[in-house]
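Enquirer: Could you have a look at this structure, given as structure tokens, before my questions?
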Amino acid sequence: MEDVNIKITDRDGVTHDIVAPTDMAMNLMEVVRSYELAPEGTIGVCGGMAMCASCQCYVLSGTELPEMGDDEEAMLSEAFDVKDNSRLGCQIQITPEMEGLEVELAPES
């Protein structure tokens, strides 16, 4: 497997060019946590169960993502600062298809 290049804009507006592994079954939230792009305890609060929206992000690139599941859709319907391009980072698996993904972390709520 290969690593993929993604761009993540943190909550301070700083864009980070990240190399993320595709062979570790990680999701976007876990990548953000591993690179410490958000303060401890402010992202992935529920552990990636699509139950808190702390990992909400805005997808800026045209990268084709897996369809949104019912749990993700339900959580986003109750979250703050939701936009048309909002997704939960915990629901975006890092796969070779994520090459070139660009996201911005939603404000902490």
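We name chains A, B, ... following the order of the structure tokens; residues begin at 1 in each chain, and ligands are numbered from 1 as shown.
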Among range 31-97 of chain A, which ones does DSSP assign to strand (DSSP E or B) (computed from the backbone)? Answer as a VMD selection string.

Expert: chain A and resid 56 to 59 86 to 88 93

Enquirer: Taking 6 positions as the minimum chain separation for residues in the same chain, which residues sit within 7 Å of Ser54 in chain A when counting only C-alpha atoms? Answer as a PDB file with all heavy atoms, in the first residue's frame.

Expert:
ATOM      1  N   THR A  42     -10.256  17.865  22.117  1.00  0.00           N
ATOM      2  CA  THR A  42     -11.193  18.681  21.345  1.00  0.00           C
ATOM      3  C   THR A  42     -11.621  18.027  20.041  1.00  0.00           C
ATOM      4  O   THR A  42     -12.448  18.568  19.327  1.00  0.00           O
ATOM      5  CB  THR A  42     -10.595  20.070  21.007  1.00  0.00           C
ATOM      6  OG1 THR A  42      -9.465  19.894  20.130  1.00  0.00           O
ATOM      7  CG2 THR A  42     -10.185  20.816  22.257  1.00  0.00           C
ATOM      8  N   ILE A  43     -11.057  16.888  19.737  1.00  0.00           N
ATOM      9  CA  ILE A  43     -11.420  16.181  18.499  1.00  0.00           C
ATOM     10  C   ILE A  43     -11.475  14.687  18.792  1.00  0.00           C
ATOM     11  O   ILE A  43     -10.643  14.165  19.526  1.00  0.00           O
ATOM     12  CB  ILE A  43     -10.448  16.507  17.348  1.00  0.00           C
ATOM     13  CG1 ILE A  43     -10.997  16.000  16.018  1.00  0.00           C
ATOM     14  CG2 ILE A  43      -9.065  15.963  17.607  1.00  0.00           C
ATOM     15  CD1 ILE A  43     -10.424  16.689  14.820  1.00  0.00           C
ATOM     16  N   GLY A  44     -12.510  14.035  18.269  1.00  0.00           N
ATOM     17  CA  GLY A  44     -12.654  12.606  18.512  1.00  0.00           C
ATOM     18  C   GLY A  44     -13.071  12.291  19.929  1.00  0.00           C
ATOM     19  O   GLY A  44     -12.687  11.262  20.481  1.00  0.00           O
ATOM     20  N   VAL A  45     -13.856  13.164  20.518  1.00  0.00           N
ATOM     21  CA  VAL A  45     -14.270  13.012  21.913  1.00  0.00           C
ATOM     22  C   VAL A  45     -14.984  11.680  22.138  1.00  0.00           C
ATOM     23  O   VAL A  45     -14.780  11.027  23.152  1.00  0.00           O
ATOM     24  CB  VAL A  45     -15.160  14.202  22.352  1.00  0.00           C
ATOM     25  CG1 VAL A  45     -15.677  14.009  23.759  1.00  0.00           C
ATOM     26  CG2 VAL A  45     -14.372  15.515  22.247  1.00  0.00           C
ATOM     27  N   GLU A 108     -14.457  24.495  16.945  1.00  0.00           N
ATOM     28  CA  GLU A 108     -14.795  23.697  18.120  1.00  0.00           C
ATOM     29  C   GLU A 108     -16.130  24.192  18.674  1.00  0.00           C
ATOM     30  O   GLU A 108     -16.373  25.388  18.750  1.00  0.00           O
ATOM     31  CB  GLU A 108     -13.705  23.848  19.182  1.00  0.00           C
ATOM     32  CG  GLU A 108     -13.895  22.959  20.374  1.00  0.00           C
ATOM     33  CD  GLU A 108     -12.822  23.143  21.429  1.00  0.00           C
ATOM     34  OE1 GLU A 108     -11.835  23.854  21.186  1.00  0.00           O
ATOM     35  OE2 GLU A 108     -12.979  22.564  22.508  1.00  0.00           O
TER      36      GLU A 108
END

Enquirer: Mind checking which residues fall within 12 Å of Asp3 in chain A, counting only C-alpha atoms, ignoring those fewer than 6 positions away in the same chain, and posting them as number ranges by chain?

Expert: A: 18-26, 94-100

Enquirer: Those selected residues, please, written with N, CA and C atoms and delivered as a PDB file, in the first residue's frame.

Expert:
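And here's out-v2.pdb as it stands now:
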ATOM      1  N   ILE A  18      -0.003  16.820   4.846  1.00  0.00           N
ATOM      2  CA  ILE A  18       0.139  15.607   5.651  1.00  0.00           C
ATOM      3  C   ILE A  18       0.341  14.403   4.734  1.00  0.00           C
ATOM      4  N   VAL A  19       1.181  13.497   5.168  1.00  0.00           N
ATOM      5  CA  VAL A  19       1.312  12.201   4.509  1.00  0.00           C
ATOM      6  C   VAL A  19       0.652  11.193   5.442  1.00  0.00           C
ATOM      7  N   ALA A  20      -0.414  10.566   4.948  1.00  0.00           N
ATOM      8  CA  ALA A  20      -1.191   9.644   5.780  1.00  0.00           C
ATOM      9  C   ALA A  20      -1.071   8.221   5.240  1.00  0.00           C
ATOM     10  N   PRO A  21      -0.873   7.252   6.142  1.00  0.00           N
ATOM     11  CA  PRO A  21      -0.743   5.864   5.706  1.00  0.00           C
ATOM     12  C   PRO A  21      -2.097   5.258   5.320  1.00  0.00           C
ATOM     13  N   THR A  22      -2.077   4.436   4.291  1.00  0.00           N
ATOM     14  CA  THR A  22      -3.310   3.754   3.877  1.00  0.00           C
ATOM     15  C   THR A  22      -3.361   2.323   4.392  1.00  0.00           C
ATOM     16  N   ASP A  23      -2.300   1.880   5.057  1.00  0.00           N
ATOM     17  CA  ASP A  23      -2.222   0.478   5.483  1.00  0.00           C
ATOM     18  C   ASP A  23      -2.447   0.287   6.982  1.00  0.00           C
ATOM     19  N   MET A  24      -2.977   1.311   7.669  1.00  0.00           N
ATOM     20  CA  MET A  24      -3.163   1.203   9.118  1.00  0.00           C
ATOM     21  C   MET A  24      -4.630   1.307   9.527  1.00  0.00           C
ATOM     22  N   ALA A  25      -5.538   1.284   8.572  1.00  0.00           N
ATOM     23  CA  ALA A  25      -6.977   1.361   8.840  1.00  0.00           C
ATOM     24  C   ALA A  25      -7.332   2.598   9.667  1.00  0.00           C
ATOM     25  N   MET A  26      -6.654   3.706   9.380  1.00  0.00           N
ATOM     26  CA  MET A  26      -6.922   4.947  10.104  1.00  0.00           C
ATOM     27  C   MET A  26      -8.036   5.731   9.408  1.00  0.00           C
ATOM     28  N   ILE A  94      -8.896   6.435   5.556  1.00  0.00           N
ATOM     29  CA  ILE A  94      -7.756   6.805   4.720  1.00  0.00           C
ATOM     30  C   ILE A  94      -7.443   5.630   3.795  1.00  0.00           C
ATOM     31  N   THR A  95      -7.769   5.803   2.529  1.00  0.00           N
ATOM     32  CA  THR A  95      -7.544   4.793   1.496  1.00  0.00           C
ATOM     33  C   THR A  95      -6.776   5.461   0.355  1.00  0.00           C
ATOM     34  N   PRO A  96      -6.247   4.685  -0.583  1.00  0.00           N
ATOM     35  CA  PRO A  96      -5.538   5.299  -1.717  1.00  0.00           C
ATOM     36  C   PRO A  96      -6.405   6.324  -2.474  1.00  0.00           C
ATOM     37  N   GLU A  97      -7.719   6.149  -2.444  1.00  0.00           N
ATOM     38  CA  GLU A  97      -8.625   7.075  -3.136  1.00  0.00           C
ATOM     39  C   GLU A  97      -8.658   8.464  -2.482  1.00  0.00           C
ATOM     40  N   MET A  98      -8.110   8.586  -1.274  1.00  0.00           N
ATOM     41  CA  MET A  98      -8.115   9.875  -0.567  1.00  0.00           C
ATOM     42  C   MET A  98      -6.950  10.778  -0.979  1.00  0.00           C
ATOM     43  N   GLU A  99      -6.112  10.319  -1.911  1.00  0.00           N
ATOM     44  CA  GLU A  99      -4.998  11.135  -2.405  1.00  0.00           C
ATOM     45  C   GLU A  99      -5.530  12.499  -2.848  1.00  0.00           C
ATOM     46  N   GLY A 100      -4.901  13.580  -2.327  1.00  0.00           N
ATOM     47  CA  GLY A 100      -5.281  14.930  -2.708  1.00  0.00           C
ATOM     48  C   GLY A 100      -6.448  15.514  -1.913  1.00  0.00           C
TER      49      GLY A 100
END

Enquirer: Please measure the separation of CA of Leu60 in chain A and CA of Met75 in chain A, giving the value in Å to one decimal.

Expert: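 Taking CA of Leu60 in chain A as the start and CA of Met75 in chain A as the end point, the length is 20.2 Å.
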
Enquirer: Quick one: DSSP helix (DSSP H, G or I) residues in chain A, as JSON, numbers by chain?

Expert: {"A": [28, 29, 30, 31, 32, 33, 34, 70, 71, 72, 73, 74, 75, 76, 77, 78, 89, 90, 91, 96, 97, 98]}

Enquirer: Atoms to include: C-alpha atoms. Write the selected residues as a short mmCIF file (atom, residue, chain, number, x, y, z; two decimals), in the first residue's frame.

Expert:
data_model
loop_
_atom_site.label_atom_id
_atom_site.label_comp_id
_atom_site.auth_asym_id
_atom_site.auth_seq_id
_atom_site.Cartn_x
_atom_site.Cartn_y
_atom_site.Cartn_z
CA LEU A 28 -9.23 11.24 9.11
CA MET A 29 -9.96 12.01 12.78
CA GLU A 30 -7.16 9.67 13.87
CA VAL A 31 -4.76 11.33 11.42
CA VAL A 32 -5.62 14.76 12.86
CA ARG A 33 -5.01 13.41 16.36
CA SER A 34 -1.74 11.68 15.46
CA ASP A 70 -27.24 7.18 8.63
CA ASP A 71 -25.32 7.72 11.90
CA GLU A 72 -23.16 10.43 10.36
CA GLU A 73 -26.12 12.15 8.75
CA ALA A 74 -28.07 12.09 12.04
CA MET A 75 -25.12 13.52 14.00
CA LEU A 76 -24.54 16.32 11.51
CA SER A 77 -28.24 17.23 11.62
CA GLU A 78 -27.74 18.10 15.31
CA GLY A 89 -13.59 12.88 10.06
CA CYS A 90 -14.11 9.63 11.95
CA GLN A 91 -16.21 8.36 9.05
CA PRO A 96 -5.54 5.30 -1.72
CA GLU A 97 -8.62 7.08 -3.14
CA MET A 98 -8.11 9.87 -0.57
#

Enquirer: How many Å lie between CA of Leu105 in chain A and CA of Asp10 in chain A, rounded to one decimal?

Expert: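 Between CA of Leu105 in chain A and CA of Asp10 in chain A the gap is 5.4 Å.
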
Enquirer: When distances are computed from only C-alpha atoms, which of A:Glu36, A:Asp84, A:Glu104, A:Glu2 shows the smallest separation from Gln56 in chain A?

Expert: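 Of A:Glu36, A:Asp84, A:Glu104, A:Glu2, the one nearest Gln56 in chain A is A:Glu104, counting only C-alpha atoms.
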